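Trainee: What follows is run-v5.cif; its format and atoms are mmCIF, C-alpha atoms.
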```
data_final
#
loop_
_atom_site.label_atom_id
_atom_site.label_comp_id
_atom_site.auth_asym_id
_atom_site.auth_seq_id
_atom_site.Cartn_x
_atom_site.Cartn_y
_atom_site.Cartn_z
CA MET A 1 40.35 -52.94 -187.75
CA ARG A 2 42.61 -51.77 -184.93
CA GLN A 3 42.04 -55.08 -183.09
CA LEU A 4 42.97 -57.01 -186.24
CA PHE A 5 46.13 -54.92 -186.60
CA LEU A 6 47.09 -55.58 -182.98
CA LEU A 7 46.46 -59.30 -183.52
CA PHE A 8 48.85 -59.33 -186.49
CA VAL A 9 51.45 -57.47 -184.44
CA PHE A 10 51.08 -59.95 -181.57
CA VAL A 11 51.33 -62.97 -183.89
CA GLY A 12 54.42 -61.49 -185.55
CA PHE A 13 56.01 -60.82 -182.17
CA LEU A 14 55.20 -64.35 -180.98
CA SER A 15 56.62 -65.88 -184.17
CA ALA A 16 59.82 -63.88 -183.73
CA GLU A 17 60.09 -65.05 -180.14
CA LEU A 18 59.61 -68.68 -181.19
CA ARG A 19 62.23 -68.33 -183.91
CA ALA A 20 64.66 -66.84 -181.41
CA SER A 21 64.05 -69.69 -178.98
CA ASP A 22 64.85 -72.17 -181.78
CA ALA A 23 68.20 -70.54 -182.47
CA LEU A 24 71.18 -72.64 -181.45
CA GLN A 25 74.74 -72.07 -180.41
CA LEU A 26 77.07 -74.97 -181.24
CA GLU A 27 80.02 -75.88 -179.03
CA THR A 28 82.51 -78.61 -179.88
CA TYR A 29 85.13 -80.09 -177.60
CA GLY A 30 87.81 -82.61 -178.44
CA ASP A 31 91.13 -83.22 -180.11
CA SER A 32 92.73 -82.73 -183.53
CA LEU A 33 89.94 -84.54 -185.42
CA THR A 34 87.50 -81.86 -184.29
CA ALA A 35 89.97 -78.97 -184.54
CA GLY A 36 90.54 -79.86 -188.20
CA PHE A 37 94.26 -80.49 -187.84
CA LEU A 38 95.77 -80.65 -191.37
CA ALA A 39 92.23 -80.77 -192.81
CA GLY A 40 93.33 -78.23 -195.41
CA THR A 41 95.84 -80.70 -196.88
CA SER A 42 95.34 -83.81 -198.98
CA LEU A 43 97.13 -87.15 -199.03
CA THR A 44 96.18 -87.73 -202.65
CA GLN A 45 97.32 -84.25 -203.72
CA PRO A 46 100.54 -83.62 -201.78
CA PRO A 47 102.31 -80.26 -202.06
CA GLU A 48 105.58 -79.64 -203.86
CA ILE A 49 108.71 -80.88 -202.07
CA SER A 50 109.78 -77.36 -201.05
CA LYS A 51 106.44 -76.66 -199.38
CA LEU A 52 106.29 -80.14 -197.84
CA SER A 53 109.75 -79.67 -196.33
CA GLY A 54 108.64 -76.39 -194.78
CA ILE A 55 105.52 -78.00 -193.30
CA LEU A 56 107.53 -80.88 -191.85
CA LYS A 57 110.08 -78.55 -190.27
CA GLU A 58 107.44 -76.32 -188.72
CA LEU A 59 105.43 -79.26 -187.39
CA ALA A 60 108.55 -80.91 -185.97
CA PHE A 61 109.37 -77.68 -184.14
CA GLY A 62 105.80 -77.35 -182.88
CA PHE A 63 105.70 -80.91 -181.53
CA LEU A 64 109.20 -80.75 -180.05
CA GLU A 65 108.59 -77.46 -178.27
CA LYS A 66 104.94 -78.26 -177.52
CA ASN A 67 104.24 -74.87 -179.09
CA ARG A 68 100.48 -74.45 -179.26
CA GLU A 69 100.67 -71.35 -181.48
CA VAL A 70 102.65 -73.23 -184.15
CA LEU A 71 100.36 -76.24 -184.14
CA LYS A 72 97.25 -74.06 -184.17
CA LYS A 73 98.30 -72.70 -187.56
CA PHE A 74 97.58 -76.14 -189.01
CA GLU A 75 94.06 -76.37 -187.52
CA ALA A 76 91.46 -75.57 -190.19
CA ASN A 77 88.23 -75.00 -188.24
CA ASP A 78 86.50 -73.98 -191.47
CA LYS A 79 87.24 -77.41 -192.97
CA ALA A 80 86.37 -79.46 -189.86
CA TRP A 81 83.13 -81.34 -189.21
CA PRO A 82 81.61 -78.73 -186.82
CA HIS A 83 81.61 -76.18 -189.65
CA TYR A 84 79.94 -78.55 -192.11
CA LEU A 85 77.47 -79.75 -189.47
CA SER A 86 76.45 -76.14 -188.90
CA GLU A 87 75.78 -75.77 -192.63
CA LEU A 88 73.64 -78.93 -192.67
CA LEU A 89 71.62 -77.79 -189.66
CA GLN A 90 70.96 -74.41 -191.25
CA GLU A 91 69.91 -76.07 -194.52
CA ASN A 92 67.37 -78.03 -192.47
CA GLY A 93 65.77 -75.09 -190.74
CA LYS A 94 67.99 -74.53 -187.70
CA LYS A 95 69.18 -71.01 -187.00
CA ILE A 96 72.79 -71.18 -185.80
CA LEU A 97 73.91 -68.22 -183.73
CA LYS A 98 77.60 -69.20 -183.79
CA VAL A 99 79.95 -72.17 -183.73
CA GLU A 100 82.50 -72.35 -180.92
CA ASN A 101 85.12 -74.94 -181.88
CA LEU A 102 87.13 -75.31 -178.67
CA ALA A 103 88.97 -78.51 -179.60
CA VAL A 104 92.73 -78.62 -179.14
CA SER A 105 95.03 -80.87 -181.15
CA GLY A 106 96.66 -83.51 -178.99
CA SER A 107 94.03 -83.31 -176.25
CA ARG A 108 93.17 -86.30 -174.14
CA SER A 109 90.08 -86.58 -171.96
CA GLY A 110 91.98 -84.82 -169.17
CA GLY A 111 92.13 -81.63 -171.26
CA ILE A 112 88.40 -81.33 -171.91
CA LEU A 113 87.64 -79.64 -168.59
CA THR A 114 89.96 -76.77 -169.55
CA GLN A 115 88.17 -76.42 -172.89
CA VAL A 116 84.80 -76.27 -171.12
CA GLN A 117 86.11 -73.68 -168.68
CA LEU A 118 87.34 -71.54 -171.58
CA ALA A 119 83.85 -71.62 -173.10
CA GLY A 120 82.37 -70.20 -169.90
CA SER A 121 78.70 -69.55 -169.26
CA THR A 122 76.04 -68.81 -171.85
CA ALA A 123 72.33 -68.04 -171.78
CA ALA A 124 71.90 -69.28 -175.35
CA ARG A 125 70.32 -72.64 -176.07
CA THR A 126 73.32 -74.78 -176.96
CA TRP A 127 74.11 -78.06 -178.59
CA SER A 128 77.51 -79.23 -177.36
CA PHE A 129 79.48 -82.09 -178.92
CA PHE A 130 82.22 -84.00 -177.09
CA PHE A 131 84.48 -86.12 -179.34
CA VAL A 132 87.56 -87.35 -177.52
CA GLY A 133 89.40 -90.52 -176.54
CA HIS A 134 91.72 -91.12 -179.50
CA ASN A 135 94.81 -89.92 -177.65
CA ASP A 136 93.74 -91.75 -174.48
CA LEU A 137 93.75 -94.97 -176.52
CA CYS A 138 97.35 -94.29 -177.49
CA HIS A 139 98.79 -93.05 -174.21
CA VAL A 140 96.97 -94.90 -171.41
CA LYS A 141 99.01 -98.08 -171.03
CA GLY A 142 96.86 -99.87 -168.47
CA ASP A 143 94.17 -102.43 -169.14
CA ASN A 144 90.62 -101.60 -170.25
CA ALA A 145 89.48 -100.97 -166.68
CA ALA A 146 92.27 -98.45 -166.05
CA LEU A 147 91.57 -96.71 -169.36
CA VAL A 148 87.83 -96.43 -168.68
CA LYS A 149 88.31 -95.27 -165.09
CA GLN A 150 90.56 -92.41 -166.12
CA PHE A 151 88.47 -91.48 -169.16
CA TYR A 152 85.18 -91.54 -167.22
CA SER A 153 86.55 -89.46 -164.35
CA ASN A 154 88.02 -86.84 -166.70
CA LEU A 155 84.96 -86.46 -168.87
CA GLU A 156 82.54 -86.53 -165.94
CA SER A 157 84.39 -83.57 -164.39
CA ALA A 158 84.05 -81.67 -167.67
CA LEU A 159 80.32 -82.40 -167.89
CA VAL A 160 79.72 -81.31 -164.30
CA ASP A 161 81.31 -77.96 -165.15
CA TRP A 162 79.38 -77.74 -168.43
CA GLU A 163 76.09 -78.35 -166.55
CA LYS A 164 76.73 -75.32 -164.32
CA ASN A 165 77.04 -73.02 -167.34
CA HIS A 166 74.12 -74.13 -169.52
CA GLN A 167 70.36 -74.53 -169.33
CA ASN A 168 67.77 -76.08 -171.65
CA SER A 169 70.65 -77.30 -173.77
CA VAL A 170 71.95 -80.59 -175.13
CA VAL A 171 75.18 -82.59 -174.93
CA PHE A 172 76.02 -85.17 -177.58
CA LEU A 173 78.76 -87.64 -176.65
CA ILE A 174 80.36 -89.04 -179.81
CA PRO A 175 82.28 -92.34 -179.59
CA PRO A 176 85.97 -92.36 -180.57
CA SER A 177 86.75 -93.35 -184.15
CA PRO A 178 87.91 -96.89 -185.01
CA ILE A 179 91.51 -95.85 -185.64
CA TYR A 180 92.61 -99.40 -186.39
CA LYS A 181 90.66 -99.28 -189.68
CA LEU A 182 92.97 -96.70 -191.27
CA TYR A 183 96.13 -98.84 -191.24
CA PRO A 184 95.00 -101.57 -193.67
CA VAL A 185 93.73 -98.87 -196.07
CA LEU A 186 96.91 -96.79 -196.08
CA ASP A 187 99.67 -99.33 -195.42
CA ASN A 188 102.07 -99.17 -198.41
CA TYR A 189 100.18 -96.22 -199.91
CA ILE A 190 102.70 -93.95 -201.64
CA TRP A 191 102.83 -90.82 -199.54
CA PHE A 192 105.46 -88.99 -201.59
CA GLU A 193 107.55 -89.98 -204.59
CA SER A 194 110.67 -88.43 -206.10
CA GLU A 195 113.26 -89.58 -208.63
CA GLN A 196 115.47 -90.77 -205.80
CA LYS A 197 113.05 -92.42 -203.40
CA THR A 198 109.49 -93.50 -202.73
CA PHE A 199 107.95 -92.75 -199.34
CA ARG A 200 104.94 -94.71 -198.12
CA CYS A 201 102.47 -94.04 -195.31
CA GLN A 202 104.44 -96.24 -192.92
CA ASP A 203 107.33 -93.76 -193.32
CA ALA A 204 104.97 -91.00 -192.21
CA TRP A 205 103.73 -93.05 -189.23
CA MET A 206 107.19 -94.06 -188.03
CA LYS A 207 109.32 -91.02 -188.88
CA TYR A 208 107.62 -87.86 -190.08
CA PHE A 209 104.37 -87.96 -188.08
CA PRO A 210 104.97 -90.53 -185.31
CA TYR A 211 101.79 -89.73 -183.35
CA CYS A 212 101.44 -93.25 -182.03
CA ALA A 213 104.10 -95.43 -183.66
CA PRO A 214 103.21 -98.54 -181.58
CA PHE A 215 99.88 -98.71 -183.40
CA TYR A 216 101.62 -99.37 -186.72
CA LEU A 217 103.91 -101.95 -185.12
CA ARG A 218 100.88 -103.75 -183.71
CA HIS A 219 99.26 -103.58 -187.13
CA LYS A 220 102.27 -105.25 -188.75
CA ARG A 221 102.07 -108.04 -186.16
CA GLY A 222 98.35 -108.44 -186.85
CA GLU A 223 97.44 -107.37 -183.30
CA LEU A 224 96.07 -103.85 -183.66
CA GLU A 225 92.37 -104.57 -184.12
CA SER A 226 92.28 -107.12 -181.29
CA TYR A 227 94.03 -104.55 -179.07
CA LEU A 228 92.14 -101.36 -180.01
CA LYS A 229 88.64 -102.59 -180.78
CA PRO A 230 87.75 -103.80 -177.24
CA ARG A 231 89.30 -100.67 -175.74
CA GLY A 232 87.22 -98.48 -178.05
CA GLU A 233 84.09 -100.47 -177.21
CA ALA A 234 84.82 -100.03 -173.51
CA LEU A 235 84.97 -96.25 -173.99
CA ASN A 236 81.72 -96.34 -175.96
CA GLN A 237 79.97 -98.17 -173.14
CA ALA A 238 81.34 -95.63 -170.66
CA LEU A 239 80.02 -92.75 -172.81
CA SER A 240 76.58 -94.35 -173.09
CA GLN A 241 76.43 -94.83 -169.32
CA MET A 242 77.66 -91.28 -168.73
CA ALA A 243 74.97 -89.83 -170.98
CA HIS A 244 72.25 -91.81 -169.19
CA GLU A 245 73.42 -90.83 -165.70
CA SER A 246 74.04 -87.16 -166.56
CA ASP A 247 70.61 -86.87 -168.16
CA LYS A 248 68.93 -88.13 -165.00
CA LYS A 249 70.88 -85.74 -162.77
CA SER A 250 70.39 -82.50 -164.71
CA GLU A 251 68.51 -79.85 -162.75
CA LYS A 252 68.66 -77.16 -165.44
CA GLY A 253 66.64 -78.75 -168.22
CA ASN A 254 69.69 -80.06 -170.03
CA HIS A 255 69.72 -83.35 -171.90
CA TYR A 256 72.59 -85.75 -172.58
CA TYR A 257 72.73 -88.23 -175.46
CA PHE A 258 75.14 -90.88 -176.69
CA LEU A 259 75.40 -90.14 -180.42
CA ASN A 260 76.34 -93.22 -182.40
CA ALA A 261 77.79 -91.34 -185.39
CA GLU A 262 79.84 -93.38 -187.83
CA TRP A 263 83.25 -92.42 -189.16
CA PRO A 264 83.40 -91.88 -192.97
CA LEU A 265 83.42 -95.62 -193.72
CA PRO A 266 84.62 -97.38 -195.77
CA LEU A 267 87.79 -95.33 -195.51
CA ARG A 268 89.50 -94.15 -198.68
CA PRO A 269 92.91 -92.46 -199.20
CA GLU A 270 91.27 -89.26 -200.45
CA TYR A 271 89.63 -88.79 -197.05
CA PHE A 272 93.00 -88.30 -195.36
CA ALA A 273 95.37 -85.42 -194.77
CA LEU A 274 99.02 -85.52 -195.87
CA ASP A 275 100.12 -87.25 -192.65
CA CYS A 276 98.23 -90.49 -193.45
CA TYR A 277 96.39 -90.10 -190.15
CA HIS A 278 94.12 -87.10 -189.79
CA ILE A 279 90.91 -86.57 -191.74
CA ALA A 280 90.98 -84.08 -194.59
CA GLU A 281 88.16 -81.85 -195.83
CA GLN A 282 86.34 -84.49 -197.88
CA GLY A 283 86.28 -86.96 -194.98
CA GLN A 284 85.27 -84.21 -192.56
CA ARG A 285 82.26 -83.38 -194.74
CA ILE A 286 81.15 -87.01 -194.76
CA PHE A 287 81.59 -87.31 -191.00
CA ALA A 288 79.49 -84.15 -190.50
CA GLY A 289 76.75 -85.77 -192.58
CA ASN A 290 76.92 -88.93 -190.47
CA ILE A 291 76.66 -86.87 -187.29
CA PHE A 292 73.66 -85.00 -188.71
CA GLU A 293 71.88 -88.27 -189.56
CA ALA A 294 72.66 -89.63 -186.07
CA ILE A 295 71.15 -86.51 -184.48
CA LYS A 296 67.95 -86.96 -186.49
CA GLN A 297 67.74 -90.56 -185.28
CA THR A 298 68.47 -89.59 -181.67
CA VAL A 299 66.27 -86.50 -181.26
CA PRO A 300 63.77 -86.67 -184.16
CA ILE A 301 61.42 -84.20 -182.47
CA GLU A 302 63.90 -81.45 -183.36
CA PHE A 303 63.32 -81.89 -187.09
#
```
Would you mind writing the file out in structure tokens?
Mentor:
Amino acid sequence: MRQLFLLFVFVGFLSAELRASDALQLETYGDSLTAGFLAGTSLTQPPEISKLSGILKELAFGFLEKNREVLKKFEANDKAWPHYLSELLQENGKKILKVENLAVSGSRSGGILTQVQLAGSTAARTWSFFFVGHNDLCHVKGDNAALVKQFYSNLESALVDWEKNHQNSVVFLIPPSPIYKLYPVLDNYIWFESEQKTFRCQDAWMKYFPYCAPFYLRHKRGELESYLKPRGEALNQALSQMAHESDKKSEKGNHYYFLNAEWPLPLRPEYFALDCYHIAEQGQRIFAGNIFEAIKQTVPIEF
């Protein structure tokens, strides 16, 4: 009887150890799409004019002064895809220790190393997601080769630092979203309407939220897709190559995957935040589901 009791104790201890080893920490790195910038707002349900005016003034001040604390107020981590992905993983048997959303609105690939350094070292088994490149597409004015060279160098430096601080963990590299697809969906969409005037999304893109005004101008000339699509594909190829090379070089049992997760397509106005650009809660949920399905296709042994 005593031997049987000890056997049950041992099996219970072993099961607990196995469950602990299955527990995951999630880390996400990137820009405003991962940080959940304006994800708590809705394009199809805009606020009253008084509240909208206050938001516009505060955002204008934040952008003008490059004030991180002001802009951070508009980042809704609890309505961004990492939060919803964590929920999906838990519903499918994964124990999530915590979610570290380290994304910073406005980040380009050059800012990812700083995000990784802020995360520091961990002994926990980690799944880390890198989703960046949207702001590189806007601000790097060179040709595809110049864009890829800068992007690859920046992200490779971040991954080298990440490798030092993790073991038996996984990196998922997510390709940048096809930004050019949002303009045909939202062009001429009524952003705000009053008795005096009607404002459309192009007013947001050019005046109130001019994140990358040249994109809209290219769209009006019918040039945006032919300009952005090959640049995005070049970044995707770079990410796939980076995942392959990093996976071969890892000496700490880490694995690197290119995760071909689709944006919430086809795009709809209700997926967007009040700036006609960022993804709101509903779109973030869908994107999290697409990422989850891509993970199952990429590493099916985990499920």
Trainee: Can you tell me, as a list of chain:residue names, what residues are no more than 12 Å from A:Asn290 when counting only C-alpha atoms, ignoring any on the same chain fewer than 2 positions away?
Mentor: A:Trp81, A:Pro82, A:Tyr84, A:Leu85, A:Leu88, A:Ile174, A:Leu259, A:Asn260, A:Ala261, A:Glu262, A:Trp263, A:Pro264, A:Leu265, A:Gly283, A:Gln284, A:Arg285, A:Ile286, A:Phe287, A:Ala288, A:Phe292, A:Glu293, A:Ala294, A:Ile295, A:Lys296, A:Gln297
Trainee: Decode the PyMOL selection byres ((chain A and resi 29) around 12) for the given file into explicit residues and return them as a short mmCIF file (atom, residue, chain, number, x, y, z; two decimals) with C-alpha atoms, in the frame of the given file.
Mentor:
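Output file selection24.cif is given in full below:
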```cif
data_model
loop_
_atom_site.label_atom_id
_atom_site.label_comp_id
_atom_site.auth_asym_id
_atom_site.auth_seq_id
_atom_site.Cartn_x
_atom_site.Cartn_y
_atom_site.Cartn_z
CA LEU A 26 77.07 -74.97 -181.24
CA GLU A 27 80.02 -75.88 -179.03
CA THR A 28 82.51 -78.61 -179.88
CA GLY A 30 87.81 -82.61 -178.44
CA ASP A 31 91.13 -83.22 -180.11
CA SER A 32 92.73 -82.73 -183.53
CA LEU A 33 89.94 -84.54 -185.42
CA THR A 34 87.50 -81.86 -184.29
CA ALA A 35 89.97 -78.97 -184.54
CA GLY A 36 90.54 -79.86 -188.20
CA TRP A 81 83.13 -81.34 -189.21
CA PRO A 82 81.61 -78.73 -186.82
CA VAL A 99 79.95 -72.17 -183.73
CA GLU A 100 82.50 -72.35 -180.92
CA ASN A 101 85.12 -74.94 -181.88
CA LEU A 102 87.13 -75.31 -178.67
CA ALA A 103 88.97 -78.51 -179.60
CA VAL A 104 92.73 -78.62 -179.14
CA SER A 105 95.03 -80.87 -181.15
CA SER A 107 94.03 -83.31 -176.25
CA ARG A 108 93.17 -86.30 -174.14
CA SER A 109 90.08 -86.58 -171.96
CA GLY A 110 91.98 -84.82 -169.17
CA GLY A 111 92.13 -81.63 -171.26
CA ILE A 112 88.40 -81.33 -171.91
CA LEU A 113 87.64 -79.64 -168.59
CA THR A 114 89.96 -76.77 -169.55
CA GLN A 115 88.17 -76.42 -172.89
CA VAL A 116 84.80 -76.27 -171.12
CA GLN A 117 86.11 -73.68 -168.68
CA LEU A 118 87.34 -71.54 -171.58
CA ALA A 119 83.85 -71.62 -173.10
CA TRP A 127 74.11 -78.06 -178.59
CA SER A 128 77.51 -79.23 -177.36
CA PHE A 129 79.48 -82.09 -178.92
CA PHE A 130 82.22 -84.00 -177.09
CA PHE A 131 84.48 -86.12 -179.34
CA VAL A 132 87.56 -87.35 -177.52
CA GLY A 133 89.40 -90.52 -176.54
CA LEU A 155 84.96 -86.46 -168.87
CA ALA A 158 84.05 -81.67 -167.67
CA LEU A 159 80.32 -82.40 -167.89
CA TRP A 162 79.38 -77.74 -168.43
CA VAL A 171 75.18 -82.59 -174.93
CA PHE A 172 76.02 -85.17 -177.58
CA LEU A 173 78.76 -87.64 -176.65
CA ILE A 174 80.36 -89.04 -179.81
#
```
Trainee: Running the PyMOL selection byres ((chain A and resi 180) around 10) on this model by hand, what would come out? Give it as number ranges by chain.
Mentor: A: 177-179, 181-185, 215-216, 218-219, 223-229, 232
Trainee: Measure the distance from atom CA of A:Ser42 to atom CA of A:Trp191 in Å and round it to one decimal.
Mentor: 10.3 Å
Trainee: Neighbours of A:Met206 within 12 Å (only C-alpha atoms; same-chain residues fewer than 2 positions away dropped), as a list in words?
Mentor: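 In the requested format, the answer is Asp187, Phe199, Arg200, Cys201, Gln202, Asp203, Ala204, Tyr208, Phe209, Pro210, Tyr211, Cys212, Ala213, Pro214, Phe215, Tyr216, Leu217, Asp275, Cys276 and Tyr277 of chain A.
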Trainee: Give me, please, the distance in Å between atom CA of A:Asn254 and atom CA of A:Leu147, quoted to one decimal.
Mentor: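 These atoms are spaced 27.5 Å apart.
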Trainee: At what distance in Å, to one decimal, does atom CA of A:His166 lie from atom CA of A:Ser121?
Mentor: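 Distance reported for this atom pair: 6.5 Å.
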Trainee: Up to 9 Å from (92.8, -94.3, -169.6) in the file's coordinates: name the residues, counting all atoms listed in the file, as a list in words.
Mentor: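 So the residues meeting the distance criterion are Ser109, Gly133, Asp136, Leu137, His139, Val140, Lys141, Gly142, Asp143, Asn144, Ala145, Ala146, Leu147, Val148, Lys149, Gln150, Phe151 and Tyr152 of chain A.
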Trainee: Apply the PyMOL selection byres ((chain A and resi 250) around 12) to the file shown and report the selected residues as a PyMOL selection string.
Mentor: chain A and resi 159-171+243-249+251-256
Trainee: Would you compute, for all listed atoms of stretch 96-109 of chain A, the axis-aligned bounding box grown by 4 Å on each side, and then report its centre and edge lengths in Å rounded to one decimal, as AutoDock Vina command-line options?
Mentor:
```
--center_x 84.7 --center_y -77.4 --center_z -178.9 --size_x 31.9 --size_y 26.4 --size_z 21.8
```
Trainee: Which one of A:Pro176, A:Gly289, A:Asn188, A:Gly106 sits closest to A:Leu235 if you count only C-alpha atoms?
Mentor: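 With only C-alpha atoms as the atom set, the closest residue is A:Pro176.
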Trainee: Can you rebuild stretch 249-273 of chain A with N, CA and C atoms and give it as a compact mmCIF listing (two decimals), keeping the file's coordinate frame?
Mentor:
```
# COMPACT_ATOMS: atom_id res chain seq x y z
N LYS A 249 70.47 -86.64 -163.84
CA LYS A 249 70.88 -85.74 -162.77
C LYS A 249 70.67 -84.26 -163.08
N SER A 250 70.46 -83.91 -164.35
CA SER A 250 70.39 -82.50 -164.71
C SER A 250 69.23 -81.80 -164.02
N GLU A 251 69.53 -80.65 -163.42
CA GLU A 251 68.51 -79.85 -162.75
C GLU A 251 68.22 -78.55 -163.50
N LYS A 252 68.81 -78.41 -164.70
CA LYS A 252 68.66 -77.16 -165.44
C LYS A 252 68.04 -77.38 -166.81
N GLY A 253 67.32 -78.49 -166.95
CA GLY A 253 66.64 -78.75 -168.22
C GLY A 253 67.54 -79.19 -169.34
N ASN A 254 68.76 -79.58 -169.01
CA ASN A 254 69.69 -80.06 -170.03
C ASN A 254 69.47 -81.54 -170.32
N HIS A 255 69.84 -81.95 -171.52
CA HIS A 255 69.72 -83.35 -171.90
C HIS A 255 71.06 -83.85 -172.44
N TYR A 256 71.33 -85.12 -172.20
CA TYR A 256 72.59 -85.75 -172.58
C TYR A 256 72.30 -87.00 -173.41
N TYR A 257 72.97 -87.10 -174.57
CA TYR A 257 72.73 -88.23 -175.46
C TYR A 257 74.06 -88.85 -175.91
N PHE A 258 74.05 -90.17 -176.02
CA PHE A 258 75.14 -90.88 -176.69
C PHE A 258 74.79 -90.88 -178.17
N LEU A 259 75.68 -90.32 -178.99
CA LEU A 259 75.40 -90.14 -180.42
C LEU A 259 76.25 -91.11 -181.23
N ASN A 260 75.62 -92.16 -181.70
CA ASN A 260 76.34 -93.22 -182.40
C ASN A 260 76.58 -92.82 -183.86
N ALA A 261 77.47 -91.84 -184.06
CA ALA A 261 77.79 -91.34 -185.39
C ALA A 261 78.97 -92.11 -185.97
N GLU A 262 78.82 -92.54 -187.20
CA GLU A 262 79.84 -93.38 -187.83
C GLU A 262 80.91 -92.55 -188.51
N TRP A 263 82.13 -93.01 -188.42
CA TRP A 263 83.25 -92.42 -189.16
C TRP A 263 82.95 -92.52 -190.65
N PRO A 264 83.67 -91.78 -191.52
CA PRO A 264 83.40 -91.88 -192.97
C PRO A 264 83.87 -93.22 -193.54
N LEU A 265 83.07 -94.27 -193.30
CA LEU A 265 83.42 -95.62 -193.72
C LEU A 265 82.67 -96.00 -195.00
N PRO A 266 83.25 -96.85 -195.86
CA PRO A 266 84.62 -97.38 -195.77
C PRO A 266 85.65 -96.29 -196.05
N LEU A 267 86.75 -96.35 -195.36
CA LEU A 267 87.79 -95.33 -195.51
C LEU A 267 88.44 -95.42 -196.89
N ARG A 268 88.82 -94.25 -197.39
CA ARG A 268 89.50 -94.15 -198.68
C ARG A 268 90.67 -93.18 -198.55
N PRO A 269 91.75 -93.36 -199.32
CA PRO A 269 92.91 -92.46 -199.20
C PRO A 269 92.57 -90.98 -199.36
N GLU A 270 91.59 -90.66 -200.22
CA GLU A 270 91.27 -89.26 -200.45
C GLU A 270 90.59 -88.59 -199.25
N TYR A 271 90.21 -89.36 -198.26
CA TYR A 271 89.63 -88.79 -197.05
C TYR A 271 90.69 -88.28 -196.07
N PHE A 272 91.95 -88.55 -196.35
CA PHE A 272 93.00 -88.30 -195.36
C PHE A 272 93.86 -87.09 -195.71
N ALA A 273 94.42 -86.51 -194.64
CA ALA A 273 95.37 -85.42 -194.77
C ALA A 273 96.75 -85.97 -195.13
```
